[in-house]
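S.K.: Input: one structure, supplied below.
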Amino acid sequence: MCGIVGYIGDKNSTEILIDGLKKLEYRGYDSAGVAVFGADGVNVVKAKGRIKNLEDKIGENVPQGVCGIGHTRWATHGAPSDVNSHPHRSGKVTLVHNGIIENYSELREEMRAEGRVFVSETDTEVAAQLIDKCYAGDPIAAIYDAVAQIRGSYAFGILFDDQPDVLYAIRKDSPLIVGIGEGENYIASDIPAILSRTNQYYLLEENELAIIRADSIEILDCEKAPIQKEVFKATWDVSAAEKGGYDHFMLKEINEQPKVLADTILPRLKDGAAHIFAEEMPDISKIKRLHVVACGSALHAGMVGRHMIEKIAKVPVMTEVASEFRYSSLLFEEGDAVVLISQSGETADTLAALRIAKKRGIPTIAIVNVVGSTIAREADIVLYTWAGPEIAVATTKAYTCQVAVMLLMALRFASERGTASAEELAHYADLLRQIPDVVAGQLTHMEEYEAISQHYKDCEDLFFIGRGYDAALCWEASIKLKEISYIHSEAYAAGELKHGTISLIEPGMPVVAIASGDRLFEKTVSNVKEVKARGAKVVLLCKEGANVDSTVYDDLIAIPAVDEFIRPIAAIVPLQIFAYYTAVARGCDVDKPRNLAKSVTVE
């Protein structure tokens, strides 16, 4: 979840590190720091809070040196503070870390007994102390000796005081790339940190050690043997990771949805439903049941996909929270497959679920956005969403692309199982082709959705209710609102109201009712009347032309009356915008909501 960047070359590293950290601040912003190798040794500067605080602390006293490492923190062990910030130093070792060292307490007590003194509350300082303890002049031996004693996840960037022209990096479970430049090289948690300087990089595998100099990169495997690595190339330019004139990345990414949905959908439809994902999934005839495993918004995308896959392809689908799935009694059957959904492809719980499934011999299908990510590399099948870089913590375009991929899967399975005729499949394919234009049309109503959001900006509690796939949309709309506006928001299946929840409805309580579906529309409206009768203030979202009395709602969001197969994507867009403008009106930091980070790489 933290962000790591490193540089070695012929330029002063401080500015390069700070720039890289700004591009990684979505991964954590509790504190930040840099360590730069100068003429008088390693100079460490770090500060609690945003990177601006670090810049202010540096001021005009910019550390000088052509080699350095930087870090932006999402706090796990130890509260946000200057002393708990990274980099951490011990003896001749300076280190930055993303991940969690599970046995840090045990290691710390062992080293305390040996006379070592600890100054922070972090597990990362334990790693720095351990590597320093193992160091006897051979950095490679010290790093391998230390990580052999560590349980947990890590991506380390490491400097040694007597190695001024070398940067070391090693990873397990947490992401880390090695950027390839000309006369300069880099490490980073993610490509946006270095994209303004290079688009070529190596992906480190588990416990591969990178030995990085200005003019060379050597990579060793876990047996310390040199290996050759494939060079990856980022397919998007630096402007894709910049705001481009928008006030926030989230607003930019909402507006990018027509394009990225077209990129995700249209190429897959060129040869008809029977050939959707034909290269990635040449044979799905043995798959009889799907387990969709994910976290947060990715899980909500799976919930929507479940409704459409079961309806059209008649394939049973179970949706399961990754953090629960990995510890449950897994009752797999012959013909099962596990679908893992993750924007980053690095989500810790989802990755663990993937590895459990593979260990059981169950086929795995990954839906991810980041090419070459760990989940993408380890899954049997990978289906990419072509959403491009998503910087805002609250996902928008990645979510709708995940839903789109699930809808494409529904058509492929329907074709394979013969549950839809050729004419029906062609019709569904035509509907999918409409999605980019439908979303583009909705973006012309931004001011309307913003105006509605102003009516609710001061509320402290809010409920979402819906039925069928609308219930899944409630989960997504609720998490979007609560994470960026800090309004206490809950989502419920509307039919469950009378089983306890309706006791919380009192005069003025805001309720957003999603009634976009056809079959359960009247049922949902009945539930809306129940909360309205108890004084709720209602926002009703339904399709244009729906037959509903205006006394049922206070505000109306009417979405295009498109087919139900694609309506879930049409329905979520105004709710994304509603959440965005509510958060803006409340003065919240939309792109960097408190306590959250974009990529959850720790359990």
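All residue names refer to the structure tokens as shown: chains lettered A, B, ... in order, residues numbered from 1 in each chain, ligands numbered from 1 in order.
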Residues near Ile559 in chain A, anyone? I mean within 7 Å using only C-alpha atoms, not counting same-chain ones fewer than 5 positions away, as an mmCIF file with C-alpha atoms, in the first residue's frame.
M.R.:
```
data_model
loop_
_atom_site.group_PDB
_atom_site.id
_atom_site.type_symbol
_atom_site.label_atom_id
_atom_site.label_comp_id
_atom_site.auth_asym_id
_atom_site.auth_seq_id
_atom_site.Cartn_x
_atom_site.Cartn_y
_atom_site.Cartn_z
ATOM 1 C CA CYS A 542 -35.008 4.726 -12.274
ATOM 2 C CA LYS A 543 -35.163 4.510 -16.045
ATOM 3 C CA GLU A 544 -36.651 7.282 -18.129
ATOM 4 C CA ALA A 570 -25.758 3.277 -16.999
ATOM 5 C CA ALA A 571 -27.096 3.345 -13.426
#
```
S.K.: When DSSP works through the backbone of this structure, what residues of range 303-413 of chain A end up as strand (DSSP E), shown as a list in words?
M.R.: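 Of range 303-413 of chain A, only Val317, Met318, Thr319, Glu320, Val321, Asp336, Ala337, Val338, Val339, Leu340, Ile341, Ser342, Thr364, Ile365, Ala366, Ile367, Val368, Ile381, Val382, Leu383 and Tyr384 of chain A fall in strand (DSSP E).
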S.K.: Compile the contact shell of Ala39 in chain A as a PyMOL selection string: residues with an atom at most 10 Å away, counting only C-alpha atoms, same-chain residues fewer than 4 positions apart removed.
M.R.: chain A and resi 43+64-65+164
S.K.: Any chance you could export the current selection's N, CA, C and O atoms as an mmCIF file, in the first residue's frame?
M.R.:
```
data_model
loop_
_atom_site.group_PDB
_atom_site.id
_atom_site.type_symbol
_atom_site.label_atom_id
_atom_site.label_comp_id
_atom_site.auth_asym_id
_atom_site.auth_seq_id
_atom_site.Cartn_x
_atom_site.Cartn_y
_atom_site.Cartn_z
ATOM 1 N N ASN A 43 21.939 11.081 3.614
ATOM 2 C CA ASN A 43 21.180 12.150 4.255
ATOM 3 C C ASN A 43 19.698 11.794 4.208
ATOM 4 O O ASN A 43 19.124 11.645 3.128
ATOM 5 N N GLN A 64 21.943 16.693 -1.705
ATOM 6 C CA GLN A 64 22.616 16.544 -2.988
ATOM 7 C C GLN A 64 23.189 15.137 -3.095
ATOM 8 O O GLN A 64 23.825 14.640 -2.175
ATOM 9 N N GLY A 65 22.966 14.503 -4.249
ATOM 10 C CA GLY A 65 23.482 13.159 -4.482
ATOM 11 C C GLY A 65 22.774 12.507 -5.639
ATOM 12 O O GLY A 65 21.615 12.806 -5.929
ATOM 13 N N PRO A 164 28.225 3.455 -2.312
ATOM 14 C CA PRO A 164 27.571 4.700 -2.747
ATOM 15 C C PRO A 164 27.042 4.693 -4.169
ATOM 16 O O PRO A 164 26.259 5.568 -4.527
#
```
S.K.: Could you make a table, as CSV, of the residues of range 213-270 of chain A that have an atom within 10 Å of an atom of range 353-372 of chain A, each with its nearest atom pair and distance in Å to one decimal, counting only C-alpha atoms, in chain and number order?
M.R.:
```
residue,atom,partner,partner_atom,distance
A:Phe232,CA,A:Gly372,CA,8.1
A:Lys233,CA,A:Val371,CA,9.7
A:Ala234,CA,A:Val371,CA,8.6
A:Thr235,CA,A:Val371,CA,9.4
```
S.K.: Those same residues, written as a JSON list (two decimals), in the first residue's frame with N, CA and C atoms?
M.R.:
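After the write, out14.json holds the following:
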```
[["chain", "number", "residue", "atom", "x", "y", "z"],
["A", 232, "PHE", "N", 9.46, -5.09, -20.09],
["A", 232, "PHE", "CA", 8.09, -4.65, -20.34],
["A", 232, "PHE", "C", 8.10, -3.18, -20.76],
["A", 233, "LYS", "N", 7.05, -2.80, -21.49],
["A", 233, "LYS", "CA", 6.94, -1.42, -21.95],
["A", 233, "LYS", "C", 5.54, -0.91, -21.65],
["A", 234, "ALA", "N", 5.45, 0.20, -20.92],
["A", 234, "ALA", "CA", 4.15, 0.80, -20.62],
["A", 234, "ALA", "C", 3.50, 1.26, -21.91],
["A", 235, "THR", "N", 2.20, 0.98, -22.05],
["A", 235, "THR", "CA", 1.50, 1.27, -23.30],
["A", 235, "THR", "C", 0.78, 2.61, -23.27]]
```
S.K.: Write out as a PyMOL selection string each polymer residue whose atoms come within 9 Å of Val147 in chain A, counting only C-alpha atoms; drop sequence neighbours fewer than 6 positions from it.
M.R.: chain A and resi 127+130-131+207
S.K.: Would you write out those residues with C-alpha atoms, as a PDB file, in the first residue's frame?
M.R.:
```pdb
ATOM      1  CA  ALA A 127      14.146  -5.121   8.637  1.00  0.00           C
ATOM      2  CA  LEU A 130      18.211  -7.258  10.667  1.00  0.00           C
ATOM      3  CA  ILE A 131      20.005  -6.555   7.378  1.00  0.00           C
ATOM      4  CA  ASN A 207      12.818 -12.930  -3.866  1.00  0.00           C
TER       5      ASN A 207
END
```
S.K.: A:Pro389, A:Gly157, A:Pro593, A:Gly466: which is nearest Leu541 in chain A, counting only C-alpha atoms?
M.R.: A:Gly466
S.K.: Need to verify the contact set: range 375-387 of chain A, 10 Å, only C-alpha atoms, exclusion of same-chain residues closer than 3 positions in sequence. Can you return it as a PDB file with N, CA, C and O atoms, in the first residue's frame?
M.R.:
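The new file selection-v5.pdb reads:
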```
ATOM      1  N   GLU A 205      10.230 -10.920  -9.675  1.00  0.00           N
ATOM      2  CA  GLU A 205       9.465 -12.037  -9.128  1.00  0.00           C
ATOM      3  C   GLU A 205       9.858 -12.232  -7.661  1.00  0.00           C
ATOM      4  O   GLU A 205      10.719 -11.536  -7.118  1.00  0.00           O
ATOM      5  N   GLU A 253     -11.237  10.673 -14.310  1.00  0.00           N
ATOM      6  CA  GLU A 253     -11.456   9.249 -14.587  1.00  0.00           C
ATOM      7  C   GLU A 253     -12.926   8.940 -14.845  1.00  0.00           C
ATOM      8  O   GLU A 253     -13.248   8.060 -15.654  1.00  0.00           O
ATOM      9  N   GLU A 256     -13.347   9.773 -18.405  1.00  0.00           N
ATOM     10  CA  GLU A 256     -12.645   8.885 -19.328  1.00  0.00           C
ATOM     11  C   GLU A 256     -13.417   7.600 -19.612  1.00  0.00           C
ATOM     12  O   GLU A 256     -13.013   6.808 -20.466  1.00  0.00           O
ATOM     13  N   GLN A 257     -14.526   7.382 -18.934  1.00  0.00           N
ATOM     14  CA  GLN A 257     -15.211   6.094 -19.047  1.00  0.00           C
ATOM     15  C   GLN A 257     -15.694   5.740 -20.459  1.00  0.00           C
ATOM     16  O   GLN A 257     -15.566   4.579 -20.864  1.00  0.00           O
ATOM     17  N   LYS A 259     -14.286   6.298 -23.297  1.00  0.00           N
ATOM     18  CA  LYS A 259     -13.135   5.808 -24.056  1.00  0.00           C
ATOM     19  C   LYS A 259     -12.658   4.456 -23.562  1.00  0.00           C
ATOM     20  O   LYS A 259     -12.429   3.529 -24.352  1.00  0.00           O
ATOM     21  N   VAL A 260     -12.480   4.321 -22.243  1.00  0.00           N
ATOM     22  CA  VAL A 260     -11.905   3.075 -21.740  1.00  0.00           C
ATOM     23  C   VAL A 260     -12.895   1.921 -21.868  1.00  0.00           C
ATOM     24  O   VAL A 260     -12.490   0.761 -22.053  1.00  0.00           O
ATOM     25  N   LEU A 261     -14.183   2.223 -21.790  1.00  0.00           N
ATOM     26  CA  LEU A 261     -15.179   1.168 -22.026  1.00  0.00           C
ATOM     27  C   LEU A 261     -15.134   0.710 -23.484  1.00  0.00           C
ATOM     28  O   LEU A 261     -15.246  -0.490 -23.766  1.00  0.00           O
ATOM     29  N   ALA A 262     -14.950   1.648 -24.393  1.00  0.00           N
ATOM     30  CA  ALA A 262     -14.797   1.275 -25.807  1.00  0.00           C
ATOM     31  C   ALA A 262     -13.551   0.422 -26.004  1.00  0.00           C
ATOM     32  O   ALA A 262     -13.581  -0.592 -26.723  1.00  0.00           O
ATOM     33  N   ASP A 263     -12.454   0.804 -25.350  1.00  0.00           N
ATOM     34  CA  ASP A 263     -11.216   0.038 -25.465  1.00  0.00           C
ATOM     35  C   ASP A 263     -11.382  -1.380 -24.908  1.00  0.00           C
ATOM     36  O   ASP A 263     -10.784  -2.333 -25.417  1.00  0.00           O
ATOM     37  N   THR A 264     -12.156  -1.509 -23.850  1.00  0.00           N
ATOM     38  CA  THR A 264     -12.339  -2.805 -23.195  1.00  0.00           C
ATOM     39  C   THR A 264     -13.318  -3.694 -23.951  1.00  0.00           C
ATOM     40  O   THR A 264     -13.133  -4.909 -24.021  1.00  0.00           O
ATOM     41  N   ILE A 265     -14.355  -3.099 -24.538  1.00  0.00           N
ATOM     42  CA  ILE A 265     -15.449  -3.883 -25.124  1.00  0.00           C
ATOM     43  C   ILE A 265     -15.276  -4.146 -26.613  1.00  0.00           C
ATOM     44  O   ILE A 265     -15.360  -5.300 -27.069  1.00  0.00           O
ATOM     45  N   PHE A 277     -12.900 -13.519 -26.017  1.00  0.00           N
ATOM     46  CA  PHE A 277     -11.818 -14.095 -25.218  1.00  0.00           C
ATOM     47  C   PHE A 277     -11.360 -15.457 -25.760  1.00  0.00           C
ATOM     48  O   PHE A 277     -10.891 -16.305 -25.000  1.00  0.00           O
ATOM     49  N   GLU A 279      -8.798 -16.233 -27.515  1.00  0.00           N
ATOM     50  CA  GLU A 279      -7.367 -16.466 -27.317  1.00  0.00           C
ATOM     51  C   GLU A 279      -7.055 -16.734 -25.852  1.00  0.00           C
ATOM     52  O   GLU A 279      -6.282 -17.637 -25.533  1.00  0.00           O
ATOM     53  N   GLU A 280      -7.670 -15.962 -24.971  1.00  0.00           N
ATOM     54  CA  GLU A 280      -7.397 -16.125 -23.544  1.00  0.00           C
ATOM     55  C   GLU A 280      -8.060 -17.391 -22.973  1.00  0.00           C
ATOM     56  O   GLU A 280      -7.487 -18.062 -22.110  1.00  0.00           O
ATOM     57  N   MET A 281      -9.281 -17.664 -23.430  1.00  0.00           N
ATOM     58  CA  MET A 281     -10.038 -18.815 -22.924  1.00  0.00           C
ATOM     59  C   MET A 281     -10.453 -19.711 -24.089  1.00  0.00           C
ATOM     60  O   MET A 281     -11.622 -19.732 -24.475  1.00  0.00           O
ATOM     61  N   PRO A 282      -9.529 -20.449 -24.658  1.00  0.00           N
ATOM     62  CA  PRO A 282      -9.882 -21.252 -25.837  1.00  0.00           C
ATOM     63  C   PRO A 282     -10.888 -22.355 -25.536  1.00  0.00           C
ATOM     64  O   PRO A 282     -11.666 -22.745 -26.409  1.00  0.00           O
ATOM     65  N   VAL A 338     -12.316 -20.331 -10.428  1.00  0.00           N
ATOM     66  CA  VAL A 338     -12.299 -19.154  -9.564  1.00  0.00           C
ATOM     67  C   VAL A 338     -11.944 -17.935 -10.405  1.00  0.00           C
ATOM     68  O   VAL A 338     -10.933 -17.934 -11.115  1.00  0.00           O
ATOM     69  N   VAL A 339     -12.790 -16.906 -10.322  1.00  0.00           N
ATOM     70  CA  VAL A 339     -12.563 -15.643 -11.019  1.00  0.00           C
ATOM     71  C   VAL A 339     -12.078 -14.627  -9.992  1.00  0.00           C
ATOM     72  O   VAL A 339     -12.759 -14.354  -8.997  1.00  0.00           O
ATOM     73  N   LEU A 340     -10.885 -14.082 -10.200  1.00  0.00           N
ATOM     74  CA  LEU A 340     -10.295 -13.092  -9.305  1.00  0.00           C
ATOM     75  C   LEU A 340     -10.362 -11.732  -9.973  1.00  0.00           C
ATOM     76  O   LEU A 340      -9.886 -11.574 -11.096  1.00  0.00           O
ATOM     77  N   ILE A 341     -10.961 -10.743  -9.302  1.00  0.00           N
ATOM     78  CA  ILE A 341     -11.068  -9.395  -9.869  1.00  0.00           C
ATOM     79  C   ILE A 341     -10.253  -8.434  -9.022  1.00  0.00           C
ATOM     80  O   ILE A 341     -10.434  -8.359  -7.807  1.00  0.00           O
ATOM     81  N   SER A 342      -9.347  -7.694  -9.662  1.00  0.00           N
ATOM     82  CA  SER A 342      -8.504  -6.735  -8.946  1.00  0.00           C
ATOM     83  C   SER A 342      -7.982  -5.694  -9.923  1.00  0.00           C
ATOM     84  O   SER A 342      -7.387  -6.060 -10.941  1.00  0.00           O
ATOM     85  N   GLN A 343      -8.233  -4.426  -9.642  1.00  0.00           N
ATOM     86  CA  GLN A 343      -7.717  -3.371 -10.517  1.00  0.00           C
ATOM     87  C   GLN A 343      -6.209  -3.439 -10.596  1.00  0.00           C
ATOM     88  O   GLN A 343      -5.629  -3.478 -11.680  1.00  0.00           O
ATOM     89  N   SER A 344      -5.544  -3.450  -9.437  1.00  0.00           N
ATOM     90  CA  SER A 344      -4.084  -3.394  -9.404  1.00  0.00           C
ATOM     91  C   SER A 344      -3.429  -4.713  -9.769  1.00  0.00           C
ATOM     92  O   SER A 344      -2.281  -4.748 -10.209  1.00  0.00           O
ATOM     93  N   GLY A 345      -4.149  -5.814  -9.551  1.00  0.00           N
ATOM     94  CA  GLY A 345      -3.533  -7.124  -9.720  1.00  0.00           C
ATOM     95  C   GLY A 345      -2.568  -7.471  -8.608  1.00  0.00           C
ATOM     96  O   GLY A 345      -1.818  -8.440  -8.710  1.00  0.00           O
ATOM     97  N   GLU A 346      -2.609  -6.697  -7.521  1.00  0.00           N
ATOM     98  CA  GLU A 346      -1.701  -6.914  -6.390  1.00  0.00           C
ATOM     99  C   GLU A 346      -2.454  -7.052  -5.067  1.00  0.00           C
ATOM    100  O   GLU A 346      -1.826  -7.194  -4.026  1.00  0.00           O
ATOM    101  N   THR A 347      -3.782  -7.005  -5.081  1.00  0.00           N
ATOM    102  CA  THR A 347      -4.568  -7.044  -3.852  1.00  0.00           C
ATOM    103  C   THR A 347      -4.226  -8.293  -3.046  1.00  0.00           C
ATOM    104  O   THR A 347      -4.383  -9.418  -3.522  1.00  0.00           O
ATOM    105  N   ALA A 348      -3.773  -8.094  -1.808  1.00  0.00           N
ATOM    106  CA  ALA A 348      -3.184  -9.186  -1.024  1.00  0.00           C
ATOM    107  C   ALA A 348      -4.157 -10.344  -0.806  1.00  0.00           C
ATOM    108  O   ALA A 348      -3.801 -11.513  -1.014  1.00  0.00           O
ATOM    109  N   THR A 350      -6.895 -11.114  -2.438  1.00  0.00           N
ATOM    110  CA  THR A 350      -7.282 -11.729  -3.710  1.00  0.00           C
ATOM    111  C   THR A 350      -6.152 -12.596  -4.249  1.00  0.00           C
ATOM    112  O   THR A 350      -6.391 -13.691  -4.773  1.00  0.00           O
ATOM    113  N   LEU A 351      -4.927 -12.114  -4.099  1.00  0.00           N
ATOM    114  CA  LEU A 351      -3.768 -12.917  -4.515  1.00  0.00           C
ATOM    115  C   LEU A 351      -3.678 -14.193  -3.692  1.00  0.00           C
ATOM    116  O   LEU A 351      -3.399 -15.276  -4.234  1.00  0.00           O
ATOM    117  N   ALA A 352      -3.925 -14.095  -2.397  1.00  0.00           N
ATOM    118  CA  ALA A 352      -3.891 -15.292  -1.547  1.00  0.00           C
ATOM    119  C   ALA A 352      -4.969 -16.292  -1.978  1.00  0.00           C
ATOM    120  O   ALA A 352      -4.729 -17.507  -2.010  1.00  0.00           O
ATOM    121  N   LEU A 354      -6.201 -16.637  -4.963  1.00  0.00           N
ATOM    122  CA  LEU A 354      -5.739 -17.234  -6.215  1.00  0.00           C
ATOM    123  C   LEU A 354      -4.786 -18.397  -5.939  1.00  0.00           C
ATOM    124  O   LEU A 354      -4.910 -19.481  -6.531  1.00  0.00           O
ATOM    125  N   ARG A 355      -3.838 -18.155  -5.038  1.00  0.00           N
ATOM    126  CA  ARG A 355      -2.834 -19.186  -4.759  1.00  0.00           C
ATOM    127  C   ARG A 355      -3.460 -20.417  -4.092  1.00  0.00           C
ATOM    128  O   ARG A 355      -3.031 -21.545  -4.340  1.00  0.00           O
ATOM    129  N   ALA A 357      -6.575 -21.467  -4.639  1.00  0.00           N
ATOM    130  CA  ALA A 357      -7.276 -22.169  -5.707  1.00  0.00           C
ATOM    131  C   ALA A 357      -6.313 -22.972  -6.572  1.00  0.00           C
ATOM    132  O   ALA A 357      -6.575 -24.131  -6.920  1.00  0.00           O
ATOM    133  N   LYS A 358      -5.189 -22.353  -6.923  1.00  0.00           N
ATOM    134  CA  LYS A 358      -4.208 -23.060  -7.759  1.00  0.00           C
ATOM    135  C   LYS A 358      -3.639 -24.276  -7.023  1.00  0.00           C
ATOM    136  O   LYS A 358      -3.413 -25.331  -7.625  1.00  0.00           O
ATOM    137  N   ILE A 362      -7.700 -25.855  -8.995  1.00  0.00           N
ATOM    138  CA  ILE A 362      -8.889 -25.220  -9.570  1.00  0.00           C
ATOM    139  C   ILE A 362      -8.458 -24.169 -10.590  1.00  0.00           C
ATOM    140  O   ILE A 362      -7.604 -23.325 -10.287  1.00  0.00           O
ATOM    141  N   PRO A 363      -9.015 -24.173 -11.801  1.00  0.00           N
ATOM    142  CA  PRO A 363      -8.653 -23.167 -12.804  1.00  0.00           C
ATOM    143  C   PRO A 363      -8.931 -21.753 -12.288  1.00  0.00           C
ATOM    144  O   PRO A 363      -9.938 -21.515 -11.612  1.00  0.00           O
ATOM    145  N   THR A 364      -8.047 -20.826 -12.618  1.00  0.00           N
ATOM    146  CA  THR A 364      -8.190 -19.445 -12.157  1.00  0.00           C
ATOM    147  C   THR A 364      -8.256 -18.492 -13.343  1.00  0.00           C
ATOM    148  O   THR A 364      -7.486 -18.604 -14.291  1.00  0.00           O
ATOM    149  N   ILE A 365      -9.185 -17.545 -13.257  1.00  0.00           N
ATOM    150  CA  ILE A 365      -9.377 -16.527 -14.289  1.00  0.00           C
ATOM    151  C   ILE A 365      -9.243 -15.169 -13.608  1.00  0.00           C
ATOM    152  O   ILE A 365      -9.995 -14.862 -12.678  1.00  0.00           O
ATOM    153  N   ALA A 366      -8.292 -14.370 -14.037  1.00  0.00           N
ATOM    154  CA  ALA A 366      -8.063 -13.053 -13.429  1.00  0.00           C
ATOM    155  C   ALA A 366      -8.620 -11.955 -14.322  1.00  0.00           C
ATOM    156  O   ALA A 366      -8.424 -11.977 -15.542  1.00  0.00           O
ATOM    157  N   ILE A 367      -9.322 -11.021 -13.712  1.00  0.00           N
ATOM    158  CA  ILE A 367      -9.763  -9.799 -14.387  1.00  0.00           C
ATOM    159  C   ILE A 367      -9.002  -8.657 -13.732  1.00  0.00           C
ATOM    160  O   ILE A 367      -9.285  -8.280 -12.586  1.00  0.00           O
ATOM    161  N   VAL A 368      -8.007  -8.126 -14.412  1.00  0.00           N
ATOM    162  CA  VAL A 368      -7.130  -7.107 -13.835  1.00  0.00           C
ATOM    163  C   VAL A 368      -6.890  -5.984 -14.837  1.00  0.00           C
ATOM    164  O   VAL A 368      -7.112  -6.146 -16.042  1.00  0.00           O
ATOM    165  N   ASN A 369      -6.399  -4.875 -14.300  1.00  0.00           N
ATOM    166  CA  ASN A 369      -6.146  -3.705 -15.135  1.00  0.00           C
ATOM    167  C   ASN A 369      -4.668  -3.491 -15.422  1.00  0.00           C
ATOM    168  O   ASN A 369      -4.316  -2.917 -16.442  1.00  0.00           O
ATOM    169  N   VAL A 370      -3.815  -3.943 -14.509  1.00  0.00           N
ATOM    170  CA  VAL A 370      -2.388  -3.662 -14.629  1.00  0.00           C
ATOM    171  C   VAL A 370      -1.675  -4.836 -15.291  1.00  0.00           C
ATOM    172  O   VAL A 370      -1.613  -5.944 -14.744  1.00  0.00           O
ATOM    173  N   VAL A 371      -1.145  -4.586 -16.465  1.00  0.00           N
ATOM    174  CA  VAL A 371      -0.436  -5.609 -17.225  1.00  0.00           C
ATOM    175  C   VAL A 371       0.822  -6.040 -16.470  1.00  0.00           C
ATOM    176  O   VAL A 371       1.577  -5.214 -15.972  1.00  0.00           O
ATOM    177  N   GLY A 372       1.016  -7.352 -16.381  1.00  0.00           N
ATOM    178  CA  GLY A 372       2.204  -7.873 -15.732  1.00  0.00           C
ATOM    179  C   GLY A 372       2.146  -7.871 -14.224  1.00  0.00           C
ATOM    180  O   GLY A 372       3.139  -8.191 -13.568  1.00  0.00           O
ATOM    181  N   GLU A 390      -5.405   4.348 -13.087  1.00  0.00           N
ATOM    182  CA  GLU A 390      -6.437   4.957 -12.248  1.00  0.00           C
ATOM    183  C   GLU A 390      -5.746   5.438 -10.977  1.00  0.00           C
ATOM    184  O   GLU A 390      -5.240   4.633 -10.194  1.00  0.00           O
ATOM    185  N   THR A 396     -13.605   4.340 -10.397  1.00  0.00           N
ATOM    186  CA  THR A 396     -14.763   4.647 -11.239  1.00  0.00           C
ATOM    187  C   THR A 396     -14.634   3.897 -12.568  1.00  0.00           C
ATOM    188  O   THR A 396     -15.335   2.926 -12.820  1.00  0.00           O
ATOM    189  N   LYS A 397     -13.655   4.311 -13.368  1.00  0.00           N
ATOM    190  CA  LYS A 397     -13.529   3.703 -14.690  1.00  0.00           C
ATOM    191  C   LYS A 397     -13.076   2.245 -14.609  1.00  0.00           C
ATOM    192  O   LYS A 397     -13.481   1.422 -15.439  1.00  0.00           O
ATOM    193  N   ALA A 398     -12.249   1.901 -13.632  1.00  0.00           N
ATOM    194  CA  ALA A 398     -11.839   0.503 -13.509  1.00  0.00           C
ATOM    195  C   ALA A 398     -13.027  -0.375 -13.143  1.00  0.00           C
ATOM    196  O   ALA A 398     -13.169  -1.497 -13.634  1.00  0.00           O
ATOM    197  N   TYR A 399     -13.917   0.146 -12.281  1.00  0.00           N
ATOM    198  CA  TYR A 399     -15.112  -0.609 -11.888  1.00  0.00           C
ATOM    199  C   TYR A 399     -16.017  -0.877 -13.096  1.00  0.00           C
ATOM    200  O   TYR A 399     -16.447  -2.014 -13.323  1.00  0.00           O
ATOM    201  N   THR A 400     -16.323   0.155 -13.868  1.00  0.00           N
ATOM    202  CA  THR A 400     -17.239  -0.066 -14.997  1.00  0.00           C
ATOM    203  C   THR A 400     -16.612  -0.986 -16.043  1.00  0.00           C
ATOM    204  O   THR A 400     -17.310  -1.773 -16.685  1.00  0.00           O
ATOM    205  N   CYS A 401     -15.292  -0.920 -16.190  1.00  0.00           N
ATOM    206  CA  CYS A 401     -14.631  -1.847 -17.118  1.00  0.00           C
ATOM    207  C   CYS A 401     -14.682  -3.284 -16.586  1.00  0.00           C
ATOM    208  O   CYS A 401     -14.802  -4.235 -17.367  1.00  0.00           O
ATOM    209  N   GLN A 402     -14.593  -3.455 -15.273  1.00  0.00           N
ATOM    210  CA  GLN A 402     -14.723  -4.791 -14.696  1.00  0.00           C
ATOM    211  C   GLN A 402     -16.121  -5.355 -14.959  1.00  0.00           C
ATOM    212  O   GLN A 402     -16.276  -6.534 -15.312  1.00  0.00           O
ATOM    213  N   VAL A 403     -17.140  -4.515 -14.785  1.00  0.00           N
ATOM    214  CA  VAL A 403     -18.505  -4.964 -15.095  1.00  0.00           C
ATOM    215  C   VAL A 403     -18.608  -5.337 -16.573  1.00  0.00           C
ATOM    216  O   VAL A 403     -19.200  -6.362 -16.934  1.00  0.00           O
ATOM    217  N   ALA A 404     -18.008  -4.518 -17.430  1.00  0.00           N
ATOM    218  CA  ALA A 404     -18.057  -4.802 -18.868  1.00  0.00           C
ATOM    219  C   ALA A 404     -17.429  -6.151 -19.190  1.00  0.00           C
ATOM    220  O   ALA A 404     -17.966  -6.914 -20.015  1.00  0.00           O
ATOM    221  N   VAL A 405     -16.305  -6.480 -18.565  1.00  0.00           N
ATOM    222  CA  VAL A 405     -15.667  -7.770 -18.805  1.00  0.00           C
ATOM    223  C   VAL A 405     -16.571  -8.909 -18.319  1.00  0.00           C
ATOM    224  O   VAL A 405     -16.677  -9.955 -18.967  1.00  0.00           O
ATOM    225  N   MET A 406     -17.247  -8.720 -17.205  1.00  0.00           N
ATOM    226  CA  MET A 406     -18.184  -9.738 -16.723  1.00  0.00           C
ATOM    227  C   MET A 406     -19.334  -9.944 -17.711  1.00  0.00           C
ATOM    228  O   MET A 406     -19.784 -11.071 -17.948  1.00  0.00           O
ATOM    229  N   MET A 409     -18.035 -11.956 -20.508  1.00  0.00           N
ATOM    230  CA  MET A 409     -17.961 -13.357 -20.093  1.00  0.00           C
ATOM    231  C   MET A 409     -19.329 -14.014 -20.162  1.00  0.00           C
ATOM    232  O   MET A 409     -19.452 -15.185 -20.563  1.00  0.00           O
TER     233      MET A 409
END
```
S.K.: So which bits of range 26-160 of chain A end up helix (DSSP H, G or I) when you DSSP the backbone, as a PyMOL selection string?
M.R.: chain A and resi 26-27+51-58+104-113+123-134+139-147
